[in-house]
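To be precise, the following lines are protein13.txt, and they hold compact mmCIF, C-alpha atoms and all ligand atoms.
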```
# COMPACT_ATOMS: atom_id res chain seq x y z
CA MET A 84 13.32 108.36 15.10
CA LEU A 85 16.29 110.43 14.09
CA ASN A 86 18.99 108.17 12.65
CA ILE A 87 22.14 109.88 11.51
CA ILE A 88 25.26 108.55 9.86
CA ILE A 89 28.29 110.72 10.45
CA PHE A 90 30.49 110.05 7.47
CA GLY A 91 34.02 110.96 6.47
CA PRO A 92 37.63 109.81 6.34
CA PRO A 93 39.77 108.98 9.37
CA GLY A 94 40.52 112.20 11.26
CA ALA A 95 37.55 114.14 9.83
CA GLY A 96 36.13 114.79 13.33
CA LYS A 97 33.35 112.18 13.37
CA GLY A 98 33.91 111.24 17.03
CA THR A 99 34.19 114.84 18.24
CA GLN A 100 31.04 115.95 16.44
CA SER A 101 29.13 112.80 17.46
CA GLU A 102 29.68 113.62 21.13
CA LYS A 103 28.09 117.03 20.61
CA LEU A 104 25.24 115.69 18.48
CA ILE A 105 24.24 112.96 20.95
CA ALA A 106 24.00 115.59 23.71
CA LYS A 107 21.83 117.94 21.65
CA TYR A 108 19.53 115.41 19.99
CA SER A 109 19.45 112.65 22.68
CA LEU A 110 20.78 109.98 20.36
CA GLN A 111 22.44 106.66 21.13
CA HIS A 112 26.03 106.70 19.86
CA ILE A 113 27.22 103.64 17.95
CA SER A 114 30.92 103.90 17.22
CA THR A 115 32.13 100.57 15.83
CA GLY A 116 35.75 101.70 16.40
CA ASP A 117 35.01 102.31 20.12
CA LEU A 118 33.14 99.00 20.42
CA LEU A 119 36.01 97.11 18.76
CA ARG A 120 38.61 98.80 20.98
CA ALA A 121 36.55 97.91 24.07
CA GLU A 122 36.46 94.26 22.94
CA ARG A 123 40.20 94.32 22.32
CA ASN A 124 40.93 95.88 25.72
CA ALA A 125 38.75 93.25 27.40
CA GLY A 126 40.74 90.57 25.57
CA THR A 127 37.67 88.83 24.11
CA PRO A 128 38.16 86.47 21.13
CA LEU A 129 36.30 88.99 18.92
CA GLY A 130 38.61 91.74 20.19
CA ASN A 131 41.74 89.71 19.52
CA THR A 132 40.64 88.92 15.97
CA ALA A 133 39.67 92.55 15.36
CA ASN A 134 43.03 93.78 16.61
CA GLU A 135 44.84 91.95 13.83
CA TYR A 136 42.98 94.14 11.32
CA ILE A 137 42.97 97.38 13.34
CA SER A 138 46.72 97.34 13.94
CA LYS A 139 47.33 97.08 10.17
CA GLY A 140 44.78 99.77 9.33
CA GLU A 141 42.55 97.27 7.55
CA LEU A 142 38.79 96.97 7.88
CA VAL A 143 37.47 94.30 10.23
CA PRO A 144 35.27 91.72 8.38
CA ASP A 145 31.70 92.85 7.71
CA ASP A 146 29.96 90.05 9.63
CA VAL A 147 31.86 90.98 12.82
CA VAL A 148 30.88 94.66 12.79
CA ILE A 149 27.34 94.06 11.54
CA GLY A 150 26.82 91.60 14.44
CA MET A 151 28.06 94.19 16.93
CA VAL A 152 25.75 96.89 15.60
CA ARG A 153 22.82 94.47 15.63
CA ASN A 154 23.52 93.61 19.30
CA PHE A 155 23.86 97.28 20.24
CA MET A 156 20.55 98.19 18.61
CA ALA A 157 18.78 95.22 20.19
CA ALA A 158 20.11 96.33 23.58
CA HIS A 159 18.56 99.80 23.12
CA PRO A 160 14.92 99.11 22.17
CA ASP A 161 13.76 102.42 23.64
CA ALA A 162 16.21 104.61 21.72
CA THR A 163 14.69 107.65 20.05
CA GLY A 164 17.51 107.73 17.53
CA PHE A 165 21.00 106.53 16.74
CA ILE A 166 24.13 108.16 15.44
CA PHE A 167 26.31 105.78 13.47
CA ASP A 168 29.96 106.79 13.68
CA GLY A 169 32.48 104.83 11.63
CA PHE A 170 29.71 102.54 10.37
CA PRO A 171 28.81 101.62 7.67
CA ARG A 172 32.19 101.46 5.95
CA THR A 173 31.34 99.08 3.08
CA THR A 174 28.36 98.52 0.79
CA PRO A 175 27.38 95.21 2.49
CA GLN A 176 27.41 97.06 5.85
CA ALA A 177 25.18 99.82 4.42
CA GLU A 178 22.74 97.26 3.03
CA ALA A 179 22.70 95.38 6.35
CA LEU A 180 22.05 98.65 8.20
CA ASP A 181 19.08 99.50 5.96
CA ASN A 182 17.64 96.05 6.72
CA MET A 183 18.24 96.30 10.47
CA LEU A 184 16.54 99.70 10.60
CA LEU A 185 13.63 98.28 8.65
CA GLU A 186 13.21 95.69 11.42
CA PHE A 187 12.91 98.66 13.81
CA ASN A 188 10.33 100.19 11.44
CA THR A 189 12.64 103.08 10.75
CA SER A 190 15.34 104.23 8.32
CA ILE A 191 18.34 106.52 7.95
CA SER A 192 17.26 110.16 8.26
CA THR A 193 20.40 111.69 6.81
CA VAL A 194 24.08 111.07 6.11
CA LEU A 195 26.33 113.97 7.10
CA GLY A 196 29.66 113.83 5.29
CA LEU A 197 32.54 115.82 6.79
CA GLU A 198 34.79 117.11 4.01
CA VAL A 199 38.46 117.58 4.93
CA GLU A 200 41.52 117.48 2.64
CA GLU A 201 44.05 114.71 3.09
CA ASP A 202 46.96 116.94 4.22
CA GLU A 203 44.87 118.26 7.09
CA LEU A 204 43.72 114.72 7.98
CA VAL A 205 47.28 113.42 8.23
CA LYS A 206 48.21 116.38 10.44
CA ARG A 207 45.26 115.68 12.75
CA LEU A 208 45.95 111.95 12.97
CA VAL A 209 49.62 112.42 13.78
CA LEU A 210 48.63 114.90 16.50
CA ARG A 211 45.98 112.52 17.83
CA GLY A 212 48.57 109.73 17.83
CA GLN A 213 50.62 111.72 20.34
CA THR A 214 47.77 111.94 22.83
CA SER A 215 45.15 109.25 22.16
CA GLY A 216 47.35 106.21 22.69
CA ARG A 217 45.71 104.70 19.60
CA VAL A 218 48.27 102.42 17.96
CA ASP A 219 46.68 102.90 14.55
CA ASP A 220 47.31 106.68 14.74
CA GLN A 221 51.01 106.29 15.40
CA ASP A 222 52.39 104.46 12.42
CA GLU A 223 52.51 106.22 9.05
CA ASP A 224 52.02 103.02 7.04
CA THR A 225 48.93 102.18 9.07
CA ILE A 226 47.52 105.67 8.60
CA ARG A 227 48.13 105.42 4.85
CA ASN A 228 46.44 102.03 4.76
CA ARG A 229 43.37 103.42 6.52
CA PHE A 230 43.07 106.11 3.83
CA ARG A 231 43.41 103.45 1.13
CA GLU A 232 40.67 101.37 2.73
CA TYR A 233 38.51 104.50 2.96
CA GLN A 234 39.03 105.39 -0.71
CA ASN A 235 38.41 101.87 -1.98
CA LYS A 236 35.67 100.57 0.27
CA THR A 237 33.99 103.44 2.12
CA LEU A 238 33.90 106.35 -0.33
CA PRO A 239 31.53 104.45 -2.70
CA LEU A 240 28.89 104.80 0.03
CA GLN A 241 28.67 108.49 -0.80
CA SER A 242 26.90 107.64 -4.06
CA PHE A 243 24.94 104.86 -2.33
CA TYR A 244 23.37 107.52 -0.10
CA GLN A 245 23.22 110.18 -2.81
CA GLN A 246 21.03 107.76 -4.75
CA GLN A 247 18.74 107.63 -1.73
CA ALA A 248 18.85 111.48 -1.62
CA LYS A 249 20.20 111.30 1.94
CA TYR A 250 23.74 112.60 1.59
CA GLN A 251 24.59 116.11 2.84
CA SER A 252 28.12 117.39 2.72
CA VAL A 253 29.54 119.71 5.39
CA LYS A 254 32.86 121.53 5.45
CA GLY A 255 34.89 119.81 8.18
CA ILE A 256 37.57 122.47 8.56
CA GLY A 257 37.31 125.39 10.98
CA GLU A 258 36.22 125.81 14.57
CA ILE A 259 34.58 122.77 16.16
CA ASP A 260 31.50 124.82 17.13
CA GLU A 261 31.18 126.27 13.65
CA ILE A 262 31.22 122.79 12.08
CA PHE A 263 28.74 121.64 14.73
CA ALA A 264 26.40 124.51 13.80
CA SER A 265 26.53 123.45 10.13
CA LEU A 266 25.69 119.86 11.08
CA CYS A 267 22.79 121.05 13.25
CA SER A 268 21.32 123.13 10.43
CA CYS A 269 21.41 120.05 8.16
CA ILE A 270 19.52 118.09 10.82
CA ASP A 271 17.08 120.86 11.68
CA GLY A 272 16.26 121.22 7.99
CA LEU A 273 14.95 117.64 7.88
CA LYS A 274 11.26 117.00 8.04
CA HIS A 275 10.70 114.39 10.72
CA GLY A 276 7.96 111.90 10.17
P1 LIG B 1 37.65 104.24 13.96
O1 LIG B 1 37.74 104.40 15.43
O2 LIG B 1 36.27 104.41 13.43
O3 LIG B 1 38.67 105.07 13.22
O4 LIG B 1 38.04 102.72 13.65
C1 LIG B 1 39.31 102.18 13.97
C2 LIG B 1 39.52 100.86 13.25
O5 LIG B 1 38.52 99.91 13.66
C3 LIG B 1 39.41 100.93 11.73
O6 LIG B 1 40.61 101.35 11.10
C4 LIG B 1 39.04 99.48 11.40
O7 LIG B 1 40.17 98.64 11.50
C5 LIG B 1 38.10 99.12 12.56
N1 LIG B 1 36.69 99.46 12.25
C6 LIG B 1 35.91 100.40 12.87
N2 LIG B 1 34.69 100.45 12.33
C7 LIG B 1 34.68 99.52 11.33
C8 LIG B 1 33.71 99.13 10.38
N3 LIG B 1 32.47 99.68 10.34
N4 LIG B 1 34.05 98.15 9.49
C9 LIG B 1 35.26 97.58 9.52
N5 LIG B 1 36.24 97.92 10.37
C10 LIG B 1 35.96 98.89 11.28
```
I'd like the structure from this file rewritten - as structure tokens, please.
Ligand code: AMP
Amino acid sequence: MLNIIIFGPPGAGKGTQSEKLIAKYSLQHISTGDLLRAERNAGTPLGNTANEYISKGELVPDDVVIGMVRNFMAAHPDATGFIFDGFPRTTPQAEALDNMLLEFNTSISTVLGLEVEEDELVKRLVLRGQTSGRVDDQDEDTIRNRFREYQNKTLPLQSFYQQQAKYQSVKGIGEIDEIFASLCSCIDGLKHG
């Protein structure tokens, strides 16, 4: 199996690049942000709870997102690979993911980290806020809070995966297709077992 984590701060282009990667490598896309927004739009109790965190730019509790990912993986037993987009975002989530993959007799193949400076990220998020309808892209305090959460809780995962020799960093600025080509060469350079 090819299991990829697409990693990076809010606005780095994880969703955009995931769409292209799933098409090329036939992967199942797990975006916890998309799953949470779908729950919220359906008005489920999980969605309502999650919305309290999302609207403030805070991370949703670990057990909620881990449960969602577990359900998604269980619902796709024939998948030939997954791309994890916006997950894991904390060390307990990363540890839970390693364990879940172990149950599938597999593991993370690589972690692709999109590197983009903060000024560019803010610009992209503000722009996205004008078109995406995402409430958490429209308020500056919320955007700032999401960066803070990223710095404090998510960035430590970089060393978590560096210790496993799985982290590859990719420049996330430039043409979408150029960034995509860099991601593909990271993947194509892997030796699949
Ligand atoms: P995203 O679409 O990935 O930017 O996620 C939007 C929001 O959903 C985040 O700001 C969090 O509030 C929540 N969220 C998404 N994924 C996770 C996760 N893995 N852990 C905790 N909260 C998450």
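The residue set within 8 Å of Lys236 of chain A, counting all atoms listed in the file and dropping same-chain residues fewer than 6 places from it, reads Arg172, Thr173 and Thr174 of chain A.
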What residues of the protein or nucleic acid chains come within 9 Å of ligand LIG 1 (chain B) when you use only C-alpha atoms and all ligand atoms? Reply as an NGL selection string.
:A and (92-94 or 97-98 or 114-120 or 133-145 or 147-149 or 152 or 168-173 or 176 or 217 or 219-220 or 225-226 or 228-229 or 232-233)
Just to be explicit: take each residue in the selection above, keep C-alpha atoms, and write the result as a PDB file, in the frame of the given file.
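Below you can see out.pdb, which holds the result:
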```pdb
ATOM      1  CA  PRO A  92      37.630 109.810   6.340  1.00  0.00           C
ATOM      2  CA  PRO A  93      39.770 108.980   9.370  1.00  0.00           C
ATOM      3  CA  GLY A  94      40.520 112.200  11.260  1.00  0.00           C
ATOM      4  CA  LYS A  97      33.350 112.180  13.370  1.00  0.00           C
ATOM      5  CA  GLY A  98      33.910 111.240  17.030  1.00  0.00           C
ATOM      6  CA  SER A 114      30.920 103.900  17.220  1.00  0.00           C
ATOM      7  CA  THR A 115      32.130 100.570  15.830  1.00  0.00           C
ATOM      8  CA  GLY A 116      35.750 101.700  16.400  1.00  0.00           C
ATOM      9  CA  ASP A 117      35.010 102.310  20.120  1.00  0.00           C
ATOM     10  CA  LEU A 118      33.140  99.000  20.420  1.00  0.00           C
ATOM     11  CA  LEU A 119      36.010  97.110  18.760  1.00  0.00           C
ATOM     12  CA  ARG A 120      38.610  98.800  20.980  1.00  0.00           C
ATOM     13  CA  ALA A 133      39.670  92.550  15.360  1.00  0.00           C
ATOM     14  CA  ASN A 134      43.030  93.780  16.610  1.00  0.00           C
ATOM     15  CA  GLU A 135      44.840  91.950  13.830  1.00  0.00           C
ATOM     16  CA  TYR A 136      42.980  94.140  11.320  1.00  0.00           C
ATOM     17  CA  ILE A 137      42.970  97.380  13.340  1.00  0.00           C
ATOM     18  CA  SER A 138      46.720  97.340  13.940  1.00  0.00           C
ATOM     19  CA  LYS A 139      47.330  97.080  10.170  1.00  0.00           C
ATOM     20  CA  GLY A 140      44.780  99.770   9.330  1.00  0.00           C
ATOM     21  CA  GLU A 141      42.550  97.270   7.550  1.00  0.00           C
ATOM     22  CA  LEU A 142      38.790  96.970   7.880  1.00  0.00           C
ATOM     23  CA  VAL A 143      37.470  94.300  10.230  1.00  0.00           C
ATOM     24  CA  PRO A 144      35.270  91.720   8.380  1.00  0.00           C
ATOM     25  CA  ASP A 145      31.700  92.850   7.710  1.00  0.00           C
ATOM     26  CA  VAL A 147      31.860  90.980  12.820  1.00  0.00           C
ATOM     27  CA  VAL A 148      30.880  94.660  12.790  1.00  0.00           C
ATOM     28  CA  ILE A 149      27.340  94.060  11.540  1.00  0.00           C
ATOM     29  CA  VAL A 152      25.750  96.890  15.600  1.00  0.00           C
ATOM     30  CA  ASP A 168      29.960 106.790  13.680  1.00  0.00           C
ATOM     31  CA  GLY A 169      32.480 104.830  11.630  1.00  0.00           C
ATOM     32  CA  PHE A 170      29.710 102.540  10.370  1.00  0.00           C
ATOM     33  CA  PRO A 171      28.810 101.620   7.670  1.00  0.00           C
ATOM     34  CA  ARG A 172      32.190 101.460   5.950  1.00  0.00           C
ATOM     35  CA  THR A 173      31.340  99.080   3.080  1.00  0.00           C
ATOM     36  CA  GLN A 176      27.410  97.060   5.850  1.00  0.00           C
ATOM     37  CA  ARG A 217      45.710 104.700  19.600  1.00  0.00           C
ATOM     38  CA  ASP A 219      46.680 102.900  14.550  1.00  0.00           C
ATOM     39  CA  ASP A 220      47.310 106.680  14.740  1.00  0.00           C
ATOM     40  CA  THR A 225      48.930 102.180   9.070  1.00  0.00           C
ATOM     41  CA  ILE A 226      47.520 105.670   8.600  1.00  0.00           C
ATOM     42  CA  ASN A 228      46.440 102.030   4.760  1.00  0.00           C
ATOM     43  CA  ARG A 229      43.370 103.420   6.520  1.00  0.00           C
ATOM     44  CA  GLU A 232      40.670 101.370   2.730  1.00  0.00           C
ATOM     45  CA  TYR A 233      38.510 104.500   2.960  1.00  0.00           C
TER      46      TYR A 233
END
```
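The space separating atom CA of Ala121 of chain A from atom CA of Pro160 of chain A comes to 21.7 Å.
With atom CA of Ala179 of chain A on one side and atom CA of Gly126 of chain A on the other, the separation reads 26.8 Å.
For the pair atom CA of Lys206 of chain A and atom CA of Leu266 of chain A, the separation is 22.8 Å.
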Find the residues near segment 101-103 of chain A: any atom within 12 Å, counting all atoms listed in the file, skip ones fewer than 4 places away on the same chain, and give them as a ChimeraX atom specification.
/A:87-90,95-97,107-114,165-169,195,197,259-264,266-267
Nearest residue to Gln241 of chain A out of A:Gly272, A:Gly216, A:Gly255, A:Gly196, using only C-alpha atoms?
A:Gly196
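Residue nearest Lys274 of chain A within the list A:Ala125, A:Met84, A:Leu180, A:Val209: A:Met84 [criterion: smallest interatomic distance, only C-alpha atoms].
The residue that comes closest to Gly164 of chain A, out of A:Asn86, A:Gln234, A:Asn182, A:Ser192 and on the basis of only C-alpha atoms, is A:Asn86.
Using only C-alpha atoms, the shortest contact distance between Leu238 of chain A and any of A:Glu178, A:Glu258, A:Glu198, A:Asp271 is found at A:Glu198.
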